[in-house]
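**Q** target_5.txt (compact mmCIF, C-alpha atoms) pasted underneath:
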# COMPACT_ATOMS: atom_id res chain seq x y z
CA ALA A 1 -19.07 -28.51 53.32
CA MET A 2 -19.16 -25.09 51.56
CA LEU A 3 -16.26 -23.82 53.64
CA SER A 4 -14.01 -26.78 52.97
CA ARG A 5 -14.68 -26.52 49.24
CA ALA A 6 -13.77 -22.86 49.25
CA LEU A 7 -10.58 -23.67 51.12
CA LEU A 8 -9.69 -26.53 48.81
CA PHE A 9 -10.36 -24.63 45.60
CA PRO A 10 -9.92 -20.96 46.39
CA ARG A 11 -10.27 -19.90 42.75
CA LEU A 12 -13.28 -22.05 41.95
CA GLY A 13 -15.69 -19.33 42.97
CA GLN A 14 -14.10 -16.82 40.60
CA LEU A 15 -14.14 -19.34 37.80
CA SER A 16 -17.78 -20.18 38.15
CA THR A 17 -18.83 -16.54 38.21
CA ARG A 18 -16.65 -15.82 35.20
CA SER A 19 -18.13 -18.67 33.20
CA LEU A 20 -21.57 -17.21 33.78
CA HIS A 21 -20.81 -14.12 31.64
CA THR A 22 -23.02 -14.19 28.59
CA SER A 23 -21.60 -11.17 26.78
CA VAL A 24 -18.47 -11.33 24.62
CA SER A 25 -15.54 -8.98 24.98
CA ALA A 26 -15.78 -7.51 21.49
CA PRO A 27 -19.16 -6.36 20.16
CA SER A 28 -18.63 -8.31 16.95
CA GLY A 29 -18.09 -11.53 18.83
CA HIS A 30 -14.68 -11.76 17.29
CA HIS A 31 -11.97 -12.25 19.88
CA ILE A 32 -9.21 -9.78 19.22
CA GLU A 33 -6.01 -10.58 21.03
CA HIS A 34 -3.59 -8.17 19.41
CA TRP A 35 -5.30 -4.92 18.68
CA TRP A 36 -3.09 -2.03 19.59
CA GLY A 37 -4.92 0.66 17.63
CA PRO A 38 -6.77 2.37 20.50
CA GLU A 39 -3.72 2.07 22.73
CA LYS A 40 -1.43 3.71 20.19
CA ALA A 41 -4.05 6.35 19.44
CA ALA A 42 -4.42 7.19 23.12
CA GLY A 43 -4.91 10.90 23.61
CA ARG A 44 -5.25 11.76 19.94
CA ASP A 45 -8.45 13.27 18.60
CA VAL A 46 -10.54 10.95 16.47
CA VAL A 47 -11.46 13.13 13.51
CA GLY A 48 -12.58 10.75 10.80
CA TYR A 49 -13.18 7.28 9.54
CA GLY A 50 -9.86 6.50 7.87
CA SER A 51 -9.67 3.45 5.68
CA ASN A 52 -11.57 0.93 7.84
CA GLY A 53 -12.83 2.77 10.90
CA ASP A 54 -9.91 1.78 13.11
CA GLU A 55 -8.55 4.59 15.23
CA ALA A 56 -5.10 4.36 13.73
CA TYR A 57 -2.88 6.79 11.85
CA GLN A 58 -1.82 5.68 8.42
CA ASP A 59 -0.68 7.64 5.37
CA ARG A 60 -2.14 5.97 2.32
CA LEU A 61 -2.52 7.31 -1.19
CA ASP A 62 -5.96 5.68 -1.51
CA TYR A 63 -7.19 6.81 1.93
CA TRP A 64 -5.61 10.20 2.29
CA TYR A 65 -7.54 11.27 5.41
CA PRO A 66 -6.51 9.25 8.49
CA ALA A 67 -8.95 8.60 11.32
CA ILE A 68 -6.94 10.36 14.04
CA ARG A 69 -4.67 13.36 14.27
CA PHE A 70 -0.98 12.57 14.11
CA ARG A 71 -0.08 14.46 17.28
CA LYS A 72 -1.71 14.85 20.64
CA GLU A 73 -3.08 18.24 21.48
CA ASP A 74 -0.70 20.36 23.54
CA ASP A 75 -0.41 24.03 24.51
CA ILE A 76 0.91 25.07 21.10
CA SER A 77 -1.84 23.32 19.20
CA LYS A 78 -4.57 24.47 21.57
CA ALA A 79 -3.54 28.10 21.03
CA LEU A 80 -3.48 27.50 17.29
CA ARG A 81 -6.90 25.84 17.31
CA ILE A 82 -8.37 28.95 18.89
CA LYS A 83 -6.62 31.10 16.32
CA GLU A 84 -7.89 28.76 13.60
CA LYS A 85 -11.49 29.57 14.52
CA SER A 86 -11.00 33.20 13.47
CA ASP A 87 -10.18 34.46 9.99
CA TRP A 88 -7.56 32.27 8.34
CA LYS A 89 -5.89 35.34 6.85
CA THR A 90 -4.55 36.08 10.33
CA LEU A 91 -2.68 32.76 10.37
CA SER A 92 0.95 32.98 9.35
CA ALA A 93 2.50 30.49 6.95
CA GLU A 94 4.34 28.98 9.91
CA ASP A 95 1.03 28.54 11.79
CA LYS A 96 -0.52 26.84 8.81
CA LYS A 97 2.35 24.42 8.45
CA THR A 98 2.30 23.67 12.17
CA LEU A 99 -1.42 22.96 12.00
CA TYR A 100 -0.76 20.57 9.14
CA ARG A 101 1.95 18.79 11.09
CA TYR A 102 -0.34 18.35 14.08
CA SER A 103 -2.95 16.67 11.92
CA PHE A 104 -0.75 14.76 9.48
CA ARG A 105 2.59 13.08 9.53
CA GLN A 106 3.94 13.91 6.09
CA THR A 107 3.08 15.98 3.06
CA LEU A 108 2.40 14.46 -0.34
CA SER A 109 5.84 15.46 -1.62
CA GLU A 110 7.49 13.77 1.37
CA PHE A 111 5.31 10.71 0.88
CA GLU A 112 6.34 10.46 -2.76
CA ALA A 113 10.00 11.33 -2.29
CA PRO A 114 12.41 8.52 -3.16
CA THR A 115 13.69 6.91 0.02
CA GLY A 116 16.82 5.32 -1.39
CA TYR A 117 15.93 2.01 0.25
CA TRP A 118 16.25 0.32 -3.15
CA LYS A 119 20.00 0.39 -2.50
CA VAL A 120 19.58 -1.80 0.57
CA MET A 121 17.40 -4.15 -1.46
CA VAL A 122 19.90 -4.36 -4.33
CA ALA A 123 22.75 -4.93 -1.88
CA ALA A 124 20.91 -7.78 -0.15
CA THR A 125 19.97 -9.41 -3.47
CA ALA A 126 23.51 -9.11 -4.84
CA LEU A 127 24.87 -10.55 -1.61
CA VAL A 128 22.66 -13.64 -1.87
CA ILE A 129 23.52 -14.16 -5.55
CA SER A 130 27.25 -13.78 -4.93
CA LEU A 131 27.19 -16.18 -1.96
CA ALA A 132 25.37 -18.76 -4.11
CA THR A 133 27.94 -18.31 -6.88
CA PHE A 134 30.86 -18.70 -4.49
CA TYR A 135 29.29 -21.82 -3.04
CA ALA A 136 28.80 -23.33 -6.52
CA VAL A 137 32.41 -22.57 -7.43
CA PHE A 138 33.57 -24.10 -4.16
CA LEU A 139 31.61 -27.28 -4.89
CA ASN A 140 33.02 -27.53 -8.42
CA VAL A 141 36.59 -27.00 -7.33
CA TYR A 142 36.84 -28.89 -4.04
CA VAL A 143 33.90 -31.29 -3.78
CA TYR A 144 32.87 -32.82 -7.11
CA PRO A 145 35.15 -35.37 -8.84
CA VAL A 146 36.85 -34.48 -12.13
CA VAL A 147 34.51 -34.63 -15.14
CA PRO A 148 34.99 -37.89 -17.08
CA PRO A 149 36.82 -37.74 -20.46
CA THR A 150 33.59 -38.48 -22.32
CA PHE A 151 32.69 -34.83 -21.83
CA GLN A 152 35.66 -33.63 -23.93
CA ASN A 153 34.95 -32.44 -27.47
CA GLU A 154 37.59 -34.76 -28.98
CA TYR A 155 35.87 -37.77 -27.46
CA LYS A 156 32.42 -36.66 -28.69
CA GLU A 157 33.71 -36.10 -32.22
CA ALA A 158 35.40 -39.50 -32.27
CA GLN A 159 32.10 -41.02 -31.15
CA VAL A 160 30.24 -39.45 -34.11
CA GLN A 161 33.01 -40.62 -36.44
CA ARG A 162 32.63 -44.18 -35.11
CA GLN A 163 28.86 -44.09 -35.59
CA ILE A 164 29.31 -43.03 -39.22
CA VAL A 165 31.90 -45.71 -39.93
CA LEU A 166 29.76 -48.43 -38.37
CA GLU A 167 26.68 -46.98 -40.09
CA LYS A 168 24.92 -46.71 -36.76
CA GLY A 169 21.85 -44.50 -36.54
CA ALA A 170 20.67 -44.54 -40.12
CA PHE A 171 17.23 -43.49 -38.88
CA LEU A 172 17.92 -40.73 -36.35
CA GLY A 173 21.69 -40.61 -35.80
CA PRO A 174 24.59 -39.04 -37.68
CA ALA A 175 24.56 -41.71 -40.42
CA LYS A 176 21.29 -40.25 -41.69
CA TYR A 177 23.08 -37.00 -42.58
CA TRP A 178 26.26 -38.60 -44.03
CA ASP A 179 26.67 -38.92 -47.78
CA TYR A 180 28.55 -42.27 -48.15
CA GLU A 181 29.12 -41.91 -51.91
CA ASN A 182 30.96 -38.59 -51.71
CA ASN A 183 32.25 -39.09 -48.15
CA GLN A 184 30.89 -35.83 -46.78
CA TRP A 185 27.88 -34.46 -44.93
CA LYS A 186 24.73 -34.33 -46.97
CA LYS A 187 24.07 -30.88 -48.39
CA MET B 1 -33.34 -37.19 7.88
CA ALA B 2 -36.78 -35.71 8.27
CA SER B 3 -35.35 -32.30 8.99
CA LEU B 4 -33.22 -32.58 5.85
CA ALA B 5 -36.25 -33.35 3.78
CA VAL B 6 -38.11 -30.42 5.29
CA ARG B 7 -35.20 -28.11 4.58
CA ALA B 8 -34.97 -29.33 0.99
CA ALA B 9 -38.68 -28.84 0.49
CA ARG B 10 -38.48 -25.36 1.99
CA SER B 11 -35.62 -24.38 -0.33
CA ILE B 12 -37.61 -25.64 -3.33
CA VAL B 13 -40.60 -23.57 -2.25
CA SER B 14 -38.50 -20.45 -1.74
CA LYS B 15 -36.78 -20.90 -5.10
CA GLY B 16 -40.11 -21.40 -6.79
CA ALA B 17 -41.45 -18.26 -5.18
CA ARG B 18 -38.49 -16.26 -6.38
CA GLN B 19 -38.81 -17.50 -9.92
CA LEU B 20 -42.50 -16.64 -9.98
CA SER B 21 -42.00 -13.02 -8.94
CA THR B 22 -43.33 -10.73 -11.63
CA THR B 23 -41.63 -7.52 -10.51
CA SER B 24 -38.53 -6.32 -12.31
CA GLN B 25 -37.25 -3.76 -9.85
CA LEU B 26 -33.65 -4.89 -10.19
CA ASN B 27 -33.64 -4.08 -13.88
CA HIS B 28 -34.63 -0.49 -13.23
CA ALA B 29 -31.87 0.01 -10.69
CA LYS B 30 -29.24 -1.70 -12.81
CA ASP B 31 -27.17 1.33 -13.74
CA ASP B 32 -27.95 3.39 -10.68
CA ILE B 33 -24.49 3.24 -9.14
CA MET B 34 -22.51 6.42 -8.58
CA GLU B 35 -19.81 5.35 -11.02
CA LYS B 36 -22.35 5.68 -13.81
CA TRP B 37 -24.05 8.87 -12.71
CA ALA B 38 -24.02 11.86 -14.99
CA PRO B 39 -21.24 14.29 -14.01
CA GLU B 40 -23.75 16.96 -12.98
CA LYS B 41 -25.58 14.55 -10.67
CA PHE B 42 -22.31 13.30 -9.23
CA ASP B 43 -21.03 16.82 -8.52
CA LYS B 44 -24.37 17.93 -7.10
CA HIS B 45 -24.39 14.97 -4.71
CA PHE B 46 -21.09 16.04 -3.16
CA ILE B 47 -21.77 19.77 -3.31
CA ASP B 48 -25.11 19.31 -1.55
CA TYR B 49 -23.57 17.14 1.12
CA LEU B 50 -20.59 19.42 1.73
CA SER B 51 -22.74 22.56 1.75
CA ARG B 52 -24.91 21.39 4.63
CA PRO B 53 -24.58 24.04 7.34
CA GLU B 54 -24.65 21.49 10.17
CA ILE B 55 -21.82 19.35 8.72
CA ASP B 56 -19.11 18.28 11.18
CA GLY B 57 -15.46 17.42 10.74
CA TRP B 58 -16.03 13.69 10.65
CA GLU B 59 -18.55 14.07 7.85
CA VAL B 60 -16.26 16.34 5.84
CA ARG B 61 -13.49 13.76 5.98
CA LYS B 62 -15.90 10.97 5.14
CA ALA B 63 -17.17 12.88 2.12
CA LEU B 64 -13.63 13.68 0.95
CA THR B 65 -12.60 10.04 1.46
CA GLU B 66 -15.51 8.83 -0.63
CA LEU B 67 -14.83 11.43 -3.28
CA HIS B 68 -11.25 10.17 -3.30
CA ASP B 69 -12.50 6.61 -3.88
CA PHE B 70 -13.89 7.42 -7.32
CA ASP B 71 -11.82 7.58 -10.48
CA VAL B 72 -12.57 11.29 -10.67
CA ILE B 73 -10.67 14.54 -10.43
CA PRO B 74 -13.11 16.76 -8.53
CA ASP B 75 -14.73 19.60 -10.40
CA PRO B 76 -13.72 23.13 -9.26
CA LYS B 77 -17.26 23.59 -7.96
CA VAL B 78 -16.86 20.53 -5.72
CA VAL B 79 -13.45 21.80 -4.62
CA GLU B 80 -15.00 25.11 -3.62
CA ALA B 81 -17.73 23.38 -1.63
CA ALA B 82 -15.13 21.19 0.10
CA LEU B 83 -12.93 24.17 1.00
CA ARG B 84 -15.93 26.02 2.42
CA ALA B 85 -16.88 22.92 4.40
CA CYS B 86 -13.36 22.85 5.87
CA ARG B 87 -13.80 26.50 6.81
CA ARG B 88 -17.13 25.72 8.46
CA VAL B 89 -15.56 23.05 10.67
CA ASN B 90 -12.45 25.21 11.29
CA ASP B 91 -9.94 22.65 10.05
CA TYR B 92 -7.23 24.41 8.09
CA SER B 93 -4.95 21.39 7.72
CA LEU B 94 -7.71 19.58 5.87
CA THR B 95 -7.67 22.17 3.07
CA ILE B 96 -3.99 21.50 2.35
CA ARG B 97 -4.60 17.79 2.57
CA PHE B 98 -7.50 18.08 0.14
CA LEU B 99 -5.48 20.10 -2.37
CA GLU B 100 -2.83 17.38 -2.16
CA ALA B 101 -5.52 14.77 -2.75
CA ILE B 102 -6.43 16.54 -6.00
CA LYS B 103 -2.80 16.15 -7.04
CA ILE B 104 -2.97 12.43 -6.26
CA LYS B 105 -6.06 12.09 -8.42
CA CYS B 106 -4.36 13.98 -11.27
CA GLY B 107 -1.71 11.28 -11.41
CA GLY B 108 1.50 12.07 -13.30
CA GLN B 109 3.44 15.31 -13.29
CA LYS B 110 2.11 16.42 -16.66
CA ASN B 111 -1.51 16.04 -15.56
CA ARG B 112 -0.70 17.74 -12.29
CA ASP B 113 0.69 20.74 -14.09
CA VAL B 114 -2.30 21.01 -16.41
CA VAL B 115 -5.35 19.89 -14.42
CA TYR B 116 -4.28 20.81 -10.90
CA GLY B 117 -3.13 24.19 -12.18
CA TYR B 118 -6.50 24.69 -13.84
CA ILE B 119 -8.42 23.79 -10.67
CA ILE B 120 -6.29 26.12 -8.54
CA GLN B 121 -6.83 28.90 -11.05
CA GLN B 122 -10.60 28.28 -10.99
CA VAL B 123 -10.92 28.27 -7.20
CA LYS B 124 -8.47 31.15 -6.70
CA PRO B 125 -11.24 33.59 -5.60
CA VAL B 126 -12.36 31.17 -2.88
CA LEU B 127 -8.79 30.57 -1.76
CA ASP B 128 -8.29 34.32 -1.42
CA GLU B 129 -11.64 34.81 0.28
CA LEU B 130 -10.99 32.15 2.93
CA GLY B 131 -7.28 32.90 3.30
CA ILE B 132 -6.12 29.47 2.14
CA ASN B 133 -2.60 28.98 0.83
CA THR B 134 -1.83 26.27 -1.68
CA PRO B 135 0.84 23.72 -0.74
CA GLU B 136 3.09 25.41 -3.29
CA GLU B 137 2.78 28.78 -1.58
CA LEU B 138 3.68 27.17 1.75
CA GLY B 139 6.66 25.40 0.20
CA MET B 140 5.12 21.98 0.82
CA ASP B 141 5.58 20.82 -2.76
CA LYS B 142 9.18 20.01 -1.83
CA PRO B 143 10.01 17.48 0.88
CA GLU B 144 10.88 19.13 4.18
CA PHE B 145 11.52 16.12 6.42
CA PHE B 146 12.87 12.64 5.89
CA ILE B 147 10.84 9.92 7.58
CA PRO B 148 12.91 6.81 8.27
CA GLN B 149 11.40 3.38 7.88
CA PRO B 150 13.13 1.20 10.47
CA GLU B 151 12.04 -2.03 8.83
CA TYR B 152 14.31 -1.12 5.89
CA TRP B 153 17.21 0.76 7.45
CA TRP B 154 18.09 2.35 10.74
CA GLU B 155 21.33 4.15 11.46
CA LYS B 156 22.67 3.73 14.98
CA LYS B 157 23.24 7.45 15.34
CA TRP B 158 19.53 8.08 14.76
CA TYR B 159 18.81 6.80 18.28
CA ALA B 160 20.40 9.97 19.60
CA ASP B 161 18.72 12.14 16.96
CA TYR B 162 15.30 10.87 18.00
CA ASN B 163 16.07 11.07 21.76
CA MET B 164 15.68 7.34 22.14
CA ASP B 165 17.12 5.83 25.28
CA LYS B 166 19.38 3.23 23.75
CA LYS B 167 22.98 2.54 24.68
CA VAL B 168 25.02 2.62 21.49
CA PHE B 169 28.79 2.24 21.27
CA GLN B 170 30.33 5.61 20.39
CA TYR B 171 33.61 5.71 18.50
Output the file's structure in the form of structure tokens.

**A**
Amino acid sequence: AMLSRALLFPRLGQLSTRSLHTSVSAPSGHHIEHWWGPEKAAGRDVVGYGSNGDEAYQDRLDYWYPAIRFRKEDDISKALRIKEKSDWKTLSAEDKKTLYRYSFRQTLSEFEAPTGYWKVMVAATALVISLATFYAVFLNVYVYPVVPPTFQNEYKEAQVQRQIVLEKGAFLGPAKYWDYENNQWKK
Amino acid sequence: MASLAVRAARSIVSKGARQLSTTSQLNHAKDDIMEKWAPEKFDKHFIDYLSRPEIDGWEVRKALTELHDFDVIPDPKVVEAALRACRRVNDYSLTIRFLEAIKIKCGGQKNRDVVYGYIIQQVKPVLDELGINTPEELGMDKPEFFIPQPEYWWEKKWYADYNMDKKVFQY
């Protein structure tokens, strides 16, 4: 009976053993599906805590010391690290800058330099606004019917005139503001 | 239902016990957060930590990160201790990074000129003693490289500049 079951369900054995695991994959118990930090950091020295303890490189003004070095150690940096252990006065300016670049991606001045990306943003915004305007004009010209004559100023004025003559709107309308004795608007 | 009643009764008991406590420990510790420490105590805390002979690189960065968290421009004495700690763990790049962090804490250009200049002037002997150059001396106060942000803009010709294997139509 055992044999036939194994033949019928070849993966059942694996499944049952897998379901018997009592530990979780992440120590916190939280299942993390997309967590590339350690993979991206592969080979780089972990030198600090960073902003949240993740082994990821990030330049942030509020957490200025990332958790890992920006570059992997290679022959150049290994030679420099040995040199770094001795007196720093023996390091040249070039060495010092190279050391910085191995640990960090960009300097403060580079971080704060204007990128010019606001131009892309303004261009995209202006494009959307102009497209909307063109579409509105297109609708007004080709789609909507002609505005009725009641929208013309002459028509509206004639309407007010009619209301005054018929003494319509003595409470809220134009007749309230019309002086019938002197035939003019009330002062 | 019974378990509910038990739980309710238990919560009443625990609340009652808390209300009846006669100690007032919390009141004593009310203002004992680092934000409200006296400047001398605050500085001493960091100087003592950074001056430990057995400090390692991780701890130096942790201390500098926490110092960076506070709304404080570090005192020259703290700066000296931090620079010496960097020397002890043989991390030169961290000294430049730390001097840049002081600039961040100074804020605007005017404050940077005044306060950062003052701090550099105060720690000048230590800088000379350890052989540390300021970012200005190394020419790092001006941008050297441009770092593209592909989510905003990416020029096709940059594929070649960055040695990326991407077939792009060439004119």

**Q** Show me, as number ranges by chain, the residues of chain A whose atoms get within 9 Å of chain B, using all atoms listed in the file for the distance check.

**A** A: 46-51, 61-67, 81, 84-91, 93-94, 96-104, 106-113, 115, 117, 120-121

**Q** Hey, can you check how far atom CA of Ile73 of chain B sits from atom CA of Phe46 of chain B?

**A**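 Those two atoms sit 12.8 Å apart.
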
**Q** Provide the atom CA of Glu55 of chain A to atom CA of Val72 of chain B distance in Å, to one decimal place.

**A** 27.1 Å

**Q** Atom CA of Ile68 of chain A and atom CA of Asp45 of chain A, how far apart in Å?

**A**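 If I compute the distance from atom CA of Asp45 of chain A to atom CA of Ile68 of chain A, I get 5.6 Å.
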
**Q** Can you pull out the residues contacting Pro174 of chain A? Cut-off 12 Å, using all atoms listed in the file, and skip same-chain residues under 5 positions away; I want them as a ChimeraX atom specification.

**A** /A:157,159-169,179-180,184-186

**Q** Return as lines of an AutoDock Vina configuration file the box centre and box size in Å, one decimal, for an axis-aligned box around all listed atoms of segment 44-60 of chain A padded by 4 Å per side.

**A**
center_x = -6.9
center_y = 7.1
center_z = 11.1
size_x = 20.5
size_y = 20.3
size_z = 25.6

**Q** Excluding Gly37 of chain A and any residue of its chain fewer than 2 positions from it, enumerate the residues within 9 Å of it, using only C-alpha atoms, and give them as a list in words.

**A** Trp35, Glu39, Lys40, Ala41, Ala42, Asp54, Glu55, Ala56 and Tyr57 of chain A

**Q** Taking N, CA and C atoms as the atom set, what does segment 89-108 of chain B look like once completed, written as a CSV table (one decimal), in the frame of the given file?

**A**
chain,number,residue,atom,x,y,z
B,89,VAL,N,-15.9,23.9,9.5
B,89,VAL,CA,-15.6,23.0,10.7
B,89,VAL,C,-14.2,23.5,11.3
B,90,ASN,N,-13.7,24.6,10.8
B,90,ASN,CA,-12.4,25.2,11.3
B,90,ASN,C,-11.3,24.2,11.3
B,91,ASP,N,-11.1,23.6,10.2
B,91,ASP,CA,-9.9,22.6,10.0
B,91,ASP,C,-9.1,23.1,8.9
B,92,TYR,N,-8.0,23.9,9.2
B,92,TYR,CA,-7.2,24.4,8.1
B,92,TYR,C,-6.4,23.3,7.4
B,93,SER,N,-5.9,22.4,8.3
B,93,SER,CA,-5.0,21.4,7.7
B,93,SER,C,-5.7,20.5,6.7
B,94,LEU,N,-7.0,20.4,6.8
B,94,LEU,CA,-7.7,19.6,5.9
B,94,LEU,C,-7.7,20.2,4.5
B,95,THR,N,-7.7,21.5,4.4
B,95,THR,CA,-7.7,22.2,3.1
B,95,THR,C,-6.4,21.8,2.3
B,96,ILE,N,-5.2,21.9,3.0
B,96,ILE,CA,-4.0,21.5,2.4
B,96,ILE,C,-4.0,20.0,1.9
B,97,ARG,N,-4.5,19.2,2.9
B,97,ARG,CA,-4.6,17.8,2.6
B,97,ARG,C,-5.5,17.5,1.3
B,98,PHE,N,-6.6,18.3,1.3
B,98,PHE,CA,-7.5,18.1,0.1
B,98,PHE,C,-6.9,18.5,-1.2
B,99,LEU,N,-6.1,19.7,-1.1
B,99,LEU,CA,-5.5,20.1,-2.4
B,99,LEU,C,-4.4,19.1,-2.8
B,100,GLU,N,-3.8,18.4,-1.8
B,100,GLU,CA,-2.8,17.4,-2.2
B,100,GLU,C,-3.6,16.2,-2.8
B,101,ALA,N,-4.7,15.9,-2.2
B,101,ALA,CA,-5.5,14.8,-2.8
B,101,ALA,C,-5.9,15.0,-4.2
B,102,ILE,N,-6.2,16.3,-4.6
B,102,ILE,CA,-6.4,16.5,-6.0
B,102,ILE,C,-5.2,16.2,-6.8
B,103,LYS,N,-4.0,16.5,-6.3
B,103,LYS,CA,-2.8,16.2,-7.0
B,103,LYS,C,-2.7,14.6,-7.2
B,104,ILE,N,-3.0,13.9,-6.2
B,104,ILE,CA,-3.0,12.4,-6.3
B,104,ILE,C,-3.9,12.0,-7.4
B,105,LYS,N,-5.1,12.5,-7.4
B,105,LYS,CA,-6.1,12.1,-8.4
B,105,LYS,C,-5.6,12.5,-9.8
B,106,CYS,N,-4.8,13.6,-9.9
B,106,CYS,CA,-4.4,14.0,-11.3
B,106,CYS,C,-3.4,13.0,-11.8
B,107,GLY,N,-2.6,12.3,-10.9
B,107,GLY,CA,-1.7,11.3,-11.4
B,107,GLY,C,-0.3,11.8,-11.7
B,108,GLY,N,0.1,11.7,-13.0
B,108,GLY,CA,1.5,12.1,-13.3
B,108,GLY,C,1.8,13.6,-13.3
